[in-house]
>>> print(open('target.txt').read())   # compact mmCIF, C-alpha atoms and all ligand atoms
# COMPACT_ATOMS: atom_id res chain seq x y z
CA MET A 97 -5.11 17.84 -12.04
CA THR A 98 -8.87 17.58 -12.56
CA ILE A 99 -11.26 20.34 -11.43
CA ASP A 100 -12.45 18.15 -8.53
CA THR A 101 -8.87 17.58 -7.37
CA LYS A 102 -8.30 21.35 -7.40
CA ILE A 103 -11.56 22.05 -5.54
CA LEU A 104 -10.82 19.46 -2.85
CA SER A 105 -7.28 20.70 -2.55
CA ALA A 106 -8.47 24.33 -2.12
CA LEU A 107 -11.06 23.24 0.47
CA ARG A 108 -8.40 21.33 2.41
CA THR A 109 -5.97 24.24 2.36
CA ALA A 110 -8.65 26.71 3.49
CA ALA A 111 -9.85 24.27 6.21
CA SER A 112 -12.21 25.99 8.67
CA ASN A 113 -11.73 29.43 7.06
CA GLY A 114 -13.59 28.26 3.97
CA VAL A 115 -13.02 29.40 0.42
CA GLY A 116 -15.31 31.73 -1.52
CA GLY A 117 -17.14 30.75 -4.69
CA ALA A 118 -15.71 33.76 -6.56
CA GLU A 119 -12.18 32.86 -5.48
CA LEU A 120 -12.61 29.25 -6.61
CA SER A 121 -14.12 30.28 -9.92
CA GLN A 122 -11.17 32.63 -10.60
CA GLU A 123 -8.55 30.09 -9.52
CA LEU A 124 -10.06 27.32 -11.63
CA GLY A 125 -11.02 29.45 -14.62
CA ILE A 126 -14.65 28.25 -14.58
CA SER A 127 -17.94 30.06 -13.82
CA ARG A 128 -19.39 30.21 -10.29
CA ALA A 129 -22.28 28.10 -11.55
CA ALA A 130 -19.81 25.46 -12.73
CA VAL A 131 -18.10 25.51 -9.30
CA TRP A 132 -21.50 25.02 -7.69
CA ALA A 133 -22.26 22.08 -10.02
CA ARG A 134 -18.97 20.38 -9.05
CA ILE A 135 -19.67 20.98 -5.34
CA GLU A 136 -23.10 19.37 -5.78
CA GLU A 137 -21.48 16.41 -7.51
CA LEU A 138 -18.99 16.00 -4.64
CA ARG A 139 -21.86 16.19 -2.16
CA SER A 140 -23.66 13.42 -4.03
CA LEU A 141 -20.55 11.27 -3.49
CA GLY A 142 -20.84 11.84 0.27
CA TYR A 143 -18.57 14.87 0.82
CA GLU A 144 -20.19 17.12 3.38
CA ILE A 145 -19.53 20.65 2.13
CA GLU A 146 -21.09 23.64 3.83
CA ALA A 147 -21.90 26.71 1.72
CA SER A 148 -22.37 29.97 3.62
CA PRO A 149 -22.40 33.63 2.55
CA HIS A 150 -19.73 34.45 5.18
CA ASN A 151 -17.27 31.59 4.89
CA GLY A 152 -17.90 30.37 1.37
CA TYR A 153 -17.40 26.61 1.00
CA ARG A 154 -16.09 24.52 3.89
CA LEU A 155 -15.27 20.83 3.84
CA LEU A 156 -16.88 19.33 6.93
CA SER A 157 -16.38 15.61 6.38
CA VAL A 158 -15.34 13.13 3.74
CA PRO A 159 -16.97 9.75 3.01
CA ASP A 160 -15.34 6.38 3.54
CA VAL A 161 -14.82 5.81 -0.15
CA LEU A 162 -11.67 5.85 -2.21
CA HIS A 163 -11.91 8.62 -4.74
CA ALA A 164 -9.00 9.27 -7.10
CA ASP A 165 -9.41 13.08 -7.10
CA ASP A 166 -9.59 13.15 -3.32
CA LEU A 167 -6.48 10.99 -2.91
CA LEU A 168 -4.60 13.17 -5.41
CA SER A 169 -5.70 16.35 -3.65
CA SER A 170 -4.40 15.02 -0.30
CA LEU A 171 -1.01 13.91 -1.56
CA GLY A 172 1.96 16.23 -1.37
CA HIS A 173 4.31 16.46 -4.33
CA MET A 174 5.05 12.91 -5.40
CA LYS A 175 8.25 12.09 -7.23
CA VAL A 176 6.93 8.96 -8.91
CA ILE A 177 4.33 6.94 -7.00
CA GLY A 178 0.82 8.40 -7.10
CA ARG A 179 1.36 10.73 -10.06
CA ASP A 180 -1.73 9.04 -11.42
CA ILE A 181 -4.37 7.21 -9.38
CA GLN A 182 -7.24 5.09 -10.63
CA VAL A 183 -10.00 3.66 -8.46
CA PHE A 184 -12.34 0.86 -9.53
CA GLU A 185 -15.35 -0.49 -7.69
CA GLU A 186 -14.53 -4.14 -8.37
CA THR A 187 -12.31 -6.13 -10.69
CA THR A 188 -10.44 -9.42 -10.38
CA SER A 189 -7.13 -8.22 -8.91
CA THR A 190 -5.36 -4.85 -8.93
CA ASN A 191 -2.20 -6.70 -9.98
CA ASP A 192 -4.00 -7.83 -13.17
CA VAL A 193 -5.16 -4.29 -13.95
CA VAL A 194 -1.68 -2.83 -13.45
CA GLU A 195 -0.05 -5.64 -15.44
CA LYS A 196 -2.27 -4.66 -18.36
CA LEU A 197 -1.32 -0.98 -17.97
CA ALA A 198 2.35 -2.03 -17.96
CA ARG A 199 1.93 -3.93 -21.23
CA ASP A 200 0.15 -0.91 -22.71
CA GLY A 201 3.29 1.12 -22.02
CA VAL A 202 1.90 3.32 -19.20
CA LYS A 203 4.53 5.33 -17.28
CA GLU A 204 5.67 4.11 -13.87
CA GLY A 205 4.02 5.50 -10.75
CA VAL A 206 0.37 4.79 -11.56
CA VAL A 207 -1.56 3.36 -8.61
CA VAL A 208 -4.73 1.29 -9.01
CA PHE A 209 -7.10 0.77 -6.07
CA GLU A 210 -10.13 -1.46 -6.01
CA GLU A 211 -12.88 -1.27 -3.44
CA ALA A 212 -13.22 -5.05 -3.81
CA GLN A 213 -11.33 -7.79 -5.62
CA THR A 214 -13.06 -10.94 -6.81
CA LYS A 215 -9.78 -12.79 -7.36
CA GLY A 216 -7.35 -11.13 -4.98
CA ARG A 217 -4.23 -13.27 -4.74
CA GLY A 218 -1.46 -13.65 -2.22
CA ARG A 219 1.98 -15.18 -2.49
CA LEU A 220 2.42 -18.84 -3.38
CA GLY A 221 -0.91 -18.89 -5.21
CA ARG A 222 -2.96 -18.24 -2.09
CA LYS A 223 -6.30 -16.48 -2.14
CA TRP A 224 -6.40 -12.94 -0.67
CA ILE A 225 -9.70 -11.97 0.91
CA SER A 226 -10.66 -8.49 -0.30
CA PRO A 227 -14.20 -7.57 0.80
CA PRO A 228 -15.71 -4.26 -0.40
CA ARG A 229 -14.59 -1.06 1.40
CA LYS A 230 -12.92 -2.97 4.25
CA GLY A 231 -9.32 -2.64 3.23
CA LEU A 232 -6.79 -1.09 0.94
CA TRP A 233 -6.27 -3.32 -2.08
CA PHE A 234 -3.96 -1.64 -4.53
CA SER A 235 -1.05 -2.06 -6.93
CA VAL A 236 1.67 0.23 -8.23
CA LEU A 237 3.48 0.08 -11.56
CA LEU A 238 7.25 0.51 -11.28
CA ARG A 239 9.97 0.50 -13.92
CA PRO A 240 13.19 0.63 -11.88
CA GLN A 241 16.60 0.17 -13.50
CA LEU A 242 17.52 -2.86 -11.44
CA SER A 243 18.78 -6.32 -12.13
CA PRO A 244 16.16 -9.03 -11.47
CA LEU A 245 18.29 -10.18 -8.49
CA ALA A 246 17.95 -6.75 -6.88
CA ALA A 247 14.16 -6.60 -7.30
CA THR A 248 13.78 -7.86 -3.72
CA GLN A 249 14.81 -4.32 -2.72
CA ILE A 250 11.37 -3.16 -3.87
CA THR A 251 9.60 -5.59 -1.54
CA VAL A 252 11.78 -4.49 1.37
CA ALA A 253 11.07 -0.82 0.55
CA ALA A 254 7.33 -1.55 0.43
CA ALA A 255 7.48 -3.32 3.80
CA THR A 256 9.24 -0.40 5.52
CA ALA A 257 6.80 2.07 3.95
CA LEU A 258 3.81 0.04 5.15
CA PHE A 259 5.29 -0.42 8.57
CA ARG A 260 5.90 3.34 8.98
CA ALA A 261 2.51 4.37 7.62
CA ILE A 262 0.63 1.94 9.88
CA HIS A 263 2.55 3.13 12.90
CA ALA A 264 2.01 6.81 12.07
CA HIS A 265 -1.70 6.36 11.36
CA THR A 266 -2.67 4.11 14.28
CA GLY A 267 0.19 4.29 16.79
CA LEU A 268 0.30 0.47 16.66
CA ASP A 269 3.61 -1.32 16.89
CA ALA A 270 3.82 -3.53 13.87
CA GLU A 271 6.54 -6.02 13.05
CA ILE A 272 7.87 -7.30 9.76
CA LYS A 273 8.02 -11.01 9.01
CA TRP A 274 10.36 -11.88 6.17
CA PRO A 275 9.87 -11.50 3.30
CA ASN A 276 6.83 -9.28 3.19
CA ASP A 277 4.24 -9.71 5.90
CA ILE A 278 3.27 -7.02 8.35
CA LEU A 279 2.11 -8.43 11.65
CA ILE A 280 0.54 -6.95 14.75
CA ARG A 281 0.80 -8.97 17.95
CA GLY A 282 1.89 -11.91 15.82
CA ARG A 283 -1.08 -11.77 13.42
CA LYS A 284 -0.90 -10.76 9.80
CA VAL A 285 -2.47 -7.41 8.94
CA ALA A 286 -0.92 -6.68 5.55
CA GLY A 287 0.92 -8.42 2.73
CA ILE A 288 2.89 -7.55 -0.37
CA LEU A 289 2.86 -9.33 -3.71
CA THR A 290 5.69 -8.28 -6.01
CA GLU A 291 5.30 -9.56 -9.57
CA LEU A 292 8.20 -9.12 -11.92
CA SER A 293 8.59 -8.97 -15.66
CA ALA A 294 12.27 -9.16 -16.55
CA GLU A 295 14.92 -9.87 -19.16
CA PRO A 296 17.95 -11.90 -18.02
CA ASP A 297 19.86 -8.82 -16.85
CA LYS A 298 17.25 -6.14 -16.25
CA VAL A 299 13.81 -5.61 -14.86
CA LYS A 300 11.20 -4.58 -17.45
CA HIS A 301 8.53 -3.69 -14.93
CA ILE A 302 7.32 -4.59 -11.47
CA VAL A 303 3.72 -4.77 -10.29
CA LEU A 304 3.83 -4.07 -6.58
CA GLY A 305 0.57 -5.21 -4.99
CA MET A 306 -0.28 -4.37 -1.41
CA GLY A 307 -3.18 -5.48 0.73
CA VAL A 308 -3.96 -3.94 4.11
CA GLY A 309 -6.72 -5.26 6.34
CA VAL A 310 -8.11 -1.96 7.58
CA ASN A 311 -11.72 -2.30 8.76
CA LEU A 312 -12.35 -6.03 8.57
CA VAL A 313 -14.04 -7.63 11.56
CA ALA A 314 -13.49 -11.23 12.71
CA GLY A 315 -16.54 -12.44 10.72
CA ASP A 316 -14.95 -11.23 7.48
CA PHE A 317 -12.22 -13.87 7.77
CA PRO A 318 -12.80 -17.60 7.23
CA PRO A 319 -12.84 -19.38 10.63
CA GLU A 320 -9.66 -21.36 9.88
CA LEU A 321 -7.67 -18.13 9.43
CA ARG A 322 -8.97 -16.14 12.39
CA LYS A 323 -6.05 -16.98 14.69
CA GLN A 324 -3.46 -15.91 12.14
CA VAL A 325 -4.90 -12.68 10.76
CA THR A 326 -6.16 -9.37 12.06
CA SER A 327 -7.12 -5.86 10.96
CA LEU A 328 -6.32 -2.34 12.12
CA ARG A 329 -9.90 -2.02 13.32
CA ILE A 330 -9.66 -5.19 15.42
CA GLU A 331 -6.32 -4.06 16.89
CA THR A 332 -7.32 -0.45 17.68
CA GLY A 333 -10.98 -1.10 18.47
CA GLN A 334 -11.83 1.76 16.12
CA LYS A 335 -12.92 2.12 12.53
CA GLN A 336 -10.05 3.60 10.53
CA HIS A 337 -10.12 6.20 7.78
CA ARG A 338 -8.94 4.29 4.72
CA ALA A 339 -8.23 7.25 2.45
CA GLU A 340 -5.99 8.95 5.04
CA LEU A 341 -4.05 5.75 5.54
CA ALA A 342 -3.77 5.26 1.77
CA VAL A 343 -2.28 8.74 1.38
CA ARG A 344 0.25 8.08 4.12
CA ILE A 345 1.29 4.74 2.59
CA LEU A 346 1.76 6.28 -0.86
CA GLU A 347 3.85 9.12 0.57
CA GLU A 348 6.08 6.69 2.46
CA LEU A 349 6.34 4.43 -0.57
CA ASP A 350 7.33 7.29 -2.85
CA ARG A 351 10.07 8.22 -0.40
CA ASP A 352 11.37 4.66 -0.11
CA TYR A 353 11.25 4.10 -3.85
CA ALA A 354 13.32 7.25 -4.37
CA CYS A 355 15.92 5.74 -1.98
CA VAL A 356 16.06 2.49 -3.99
CA VAL A 357 16.37 4.37 -7.28
CA ALA A 358 19.14 6.57 -5.84
CA GLY A 359 21.09 3.46 -4.77
CA GLU A 360 20.48 4.20 -1.10
CA PHE A 361 18.95 0.86 -0.24
CA GLU A 362 21.22 0.31 2.76
CA ALA A 363 19.37 2.81 4.96
CA LEU A 364 16.08 1.01 4.23
CA ALA A 365 17.64 -2.37 4.90
CA ASP A 366 18.81 -1.13 8.31
CA GLU A 367 15.33 0.11 9.17
CA TRP A 368 13.82 -3.14 7.94
CA GLU A 369 16.24 -5.22 10.04
CA GLU A 370 15.39 -3.16 13.11
CA HIS A 371 11.70 -4.11 12.86
CA CYS A 372 11.98 -7.58 11.41
CA THR A 373 11.19 -10.15 14.06
CA THR A 374 12.33 -13.03 11.82
CA LEU A 375 16.00 -12.13 12.18
CA GLY A 376 17.90 -13.99 14.86
CA ARG A 377 15.16 -16.67 15.01
CA ARG A 378 15.22 -20.29 13.99
CA VAL A 379 13.07 -20.74 10.93
CA THR A 380 11.97 -23.34 8.44
CA ILE A 381 11.59 -22.10 4.89
CA GLN A 382 9.75 -24.01 2.24
CA VAL A 383 11.15 -23.03 -1.18
CA GLY A 384 9.25 -24.98 -3.83
CA GLY A 385 9.75 -28.65 -2.92
CA ARG A 386 12.75 -27.89 -0.67
CA ARG A 387 12.65 -27.39 3.10
CA ILE A 388 15.52 -25.43 4.61
CA GLU A 389 16.07 -25.04 8.33
CA GLY A 390 18.36 -22.56 9.99
CA THR A 391 18.74 -19.20 11.68
CA ALA A 392 17.71 -16.04 9.83
CA GLU A 393 20.85 -13.91 10.07
CA SER A 394 20.47 -10.74 8.01
CA LEU A 395 19.56 -9.19 4.69
CA ASP A 396 22.08 -8.95 1.88
CA ALA A 397 22.62 -5.84 -0.25
CA ASP A 398 19.74 -6.85 -2.55
CA GLY A 399 17.23 -7.58 0.18
CA ALA A 400 17.56 -11.38 0.12
CA LEU A 401 17.58 -13.27 3.41
CA LEU A 402 20.84 -14.82 4.57
CA LEU A 403 20.06 -18.03 6.38
CA ARG A 404 22.63 -19.95 8.42
CA THR A 405 21.65 -23.57 7.89
CA GLN A 406 22.00 -26.26 10.51
CA HIS A 407 25.15 -27.36 8.63
CA GLY A 408 26.73 -23.92 9.07
CA HIS A 409 26.38 -22.78 5.45
CA LEU A 410 25.04 -19.34 4.61
CA GLU A 411 22.18 -19.63 2.09
CA ARG A 412 20.77 -16.71 0.15
CA ILE A 413 16.98 -16.99 -0.01
CA ILE A 414 14.83 -14.73 -2.17
CA GLY A 415 11.39 -16.13 -1.41
CA GLY A 416 9.49 -18.93 0.26
CA ASP A 417 7.10 -19.80 3.00
CA VAL A 418 8.59 -19.08 6.41
CA THR A 419 7.65 -20.69 9.68
CA VAL A 420 9.27 -19.08 12.70
CA GLU A 421 9.99 -21.39 15.62
CA LYS A 422 8.35 -20.19 18.83
C1 LIG A 501 0.64 -12.02 0.60
O1 LIG A 501 0.86 -11.68 1.76
O2 LIG A 501 0.53 -13.21 0.30
C2 LIG A 501 0.50 -10.94 -0.44
C3 LIG A 501 -0.88 -10.35 -0.45
C4 LIG A 501 -1.04 -9.24 -1.47
C5 LIG A 501 -2.47 -8.80 -1.62
C6 LIG A 501 -2.60 -7.62 -2.53
S1 LIG A 501 -4.21 -6.89 -2.51
C7 LIG A 501 -3.81 -5.91 -3.87
C8 LIG A 501 -2.99 -6.76 -4.82
N1 LIG A 501 -3.84 -7.49 -5.71
C9 LIG A 501 -3.80 -8.80 -5.49
O3 LIG A 501 -4.47 -9.66 -6.09
N2 LIG A 501 -2.94 -9.06 -4.50
C10 LIG A 501 -2.31 -7.87 -4.00
>>> encode(input="target.txt", output="structure tokens", more="lines below")
Ligand code: BTN
Amino acid sequence: MTIDTKILSALRTAASNGVGGAELSQELGISRAAVWARIEELRSLGYEIEASPHNGYRLLSVPDVLHADDLLSSLGHMKVIGRDIQVFEETTSTNDVVEKLARDGVKEGVVVFEEAQTKGRGRLGRKWISPPRKGLWFSVLLRPQLSPLAATQITVAAATALFRAIHAHTGLDAEIKWPNDILIRGRKVAGILTELSAEPDKVKHIVLGMGVGVNLVAGDFPPELRKQVTSLRIETGQKQHRAELAVRILEELDRDYACVVAGEFEALADEWEEHCTTLGRRVTIQVGGRRIEGTAESLDADGALLLRTQHGHLERIIGGDVTVEK
């Protein structure tokens, strides 16, 4: 934990009671002057911190920026995801940054956020719009002991975590569209891009990328997409606190990942099925050059979709572009 993480954590715990400079200096093992210097630095980043002789330091408000120390100080004890957090102002894609960390041998659990991505990508080679400070654009490095066929479990776990966090943070009723879209009132608000590096029988690592449209307004989307996409701000009519939502998502994700690792995927699959509006519907799925029509029946034990085709066969589908019939 860095000094700033410890200071922010102490300020959060003390809340309106405040925490004294002497107390902080003793707890952190640094001089009172050094505590003051760190407080000044945090203020320069936009943290509103009151200093009074009676109450000591009190955290009054936090800025709408993603700050690794702040996110770490807000997280509870994390088993894996969020043990390390890195925030960049702008790079190409968080999936690229995490892929590089994976190749450098970094431990699983690291999370990389970017305030903006210049080459954010979605599934099937699509572009992912990632304007500065309007959303949560992040990726997580995972090294689960799974077979490549079971890697879909990670996408399902990410979808349930996102679904839960969005509901808890905004009260909005989201729905899941197979395989990995989160929709609100039929419009996409978040997506998941799972990129896999694997040997024939085992996963080497997974880069789990997640994009959540938090504070985008209609003008942030290209006109041709406006009917299909939305943001939490558009849906609630209120600007949302990105860092608080990020913390909630990481906590839910850590919990869900622990379930997958413990072989308890079934509980997640049940939750996913409960909120997935694709199931029971007639769909057309484009898988590469192939178009398959049928009824989406259920998930299998690895998170793949079981589709009853118009000829009565059950097909196992692990990815593709889904169109749900109205
Ligand atoms: C999709 O729905 O098509 C998946 C979208 C995934 C977007 C996220 S944003 C963070 C991460 N970095 C990327 O370039 N893409 C994912």
>>> closest_residue(input="target.txt", among="A:Ser327, A:Thr101, A:Asn191, A:Thr109", to="Ile302 of chain A", atoms="only C-alpha atoms")
A:Asn191
>>> closest_residue(input="target.txt", among="A:Thr419, A:Ser293, A:Thr188, A:Thr266", to="Ser243 of chain A", atoms="only C-alpha atoms")
A:Ser293
>>> residues_near_ligand(input="target.txt", ligand="ligand LIG 501 (chain A)", cutoff="6 Å", atoms="only C-alpha atoms and all ligand atoms", output="PyMOL selection string")
chain A and resi 189-191+216-219+224+233-235+277+287-289+305-307
>>> residues_around(input="target.txt", residues="Asn311 of chain A", least_positions_apart="2", cutoff="10 Å", atoms="all atoms listed in the file", output="list in words")
Pro227, Arg229, Lys230, Gly231, Leu232, Val308, Gly309, Val313, Ala314, Asp316, Thr326, Ser327, Leu328, Arg329, Ile330, Glu331, Gly333, Gln334, Lys335, Gln336, His337 and Arg338 of chain A
>>> closest_residue(input="target.txt", among="A:Asp417, A:Glu347, A:Asp297, A:Asp166", to="Thr380 of chain A", atoms="all atoms listed in the file")
A:Asp417
>>> closest_residue(input="target.txt", among="A:Glu210, A:Asp165, A:Glu137, A:Asp396", to="Gln249 of chain A", atoms="all atoms listed in the file")
A:Asp396
>>> closest_residue(input="target.txt", among="A:Val420, A:Val325, A:Ala254, A:Ile272", to="Cys355 of chain A", atoms="all atoms listed in the file")
A:Ala254
>>> closest_residue(input="target.txt", among="A:Arg108, A:Ile278, A:Ser127, A:Gly221", to="Gly384 of chain A", atoms="all atoms listed in the file")
A:Gly221
>>> residues_around(input="target.txt", residues="Glu144 of chain A", least_positions_apart="5", cutoff="10 Å", atoms="all atoms listed in the file", output="VMD selection string")
chain A and resid 135 to 136 138 to 139 154 to 159
>>> atom_distance(input="target.txt", atom1="atom CA of Val207 of chain A", atom2="atom CA of Thr290 of chain A")
14.0 Å
>>> residues_near_point(input="target.txt", point="(-9.9, 26.1, -2.9)", cutoff="12 Å", atoms="all atoms listed in the file", output="MDAnalysis selection string")
chainID A and resid 99:124 131 135 152:155 169
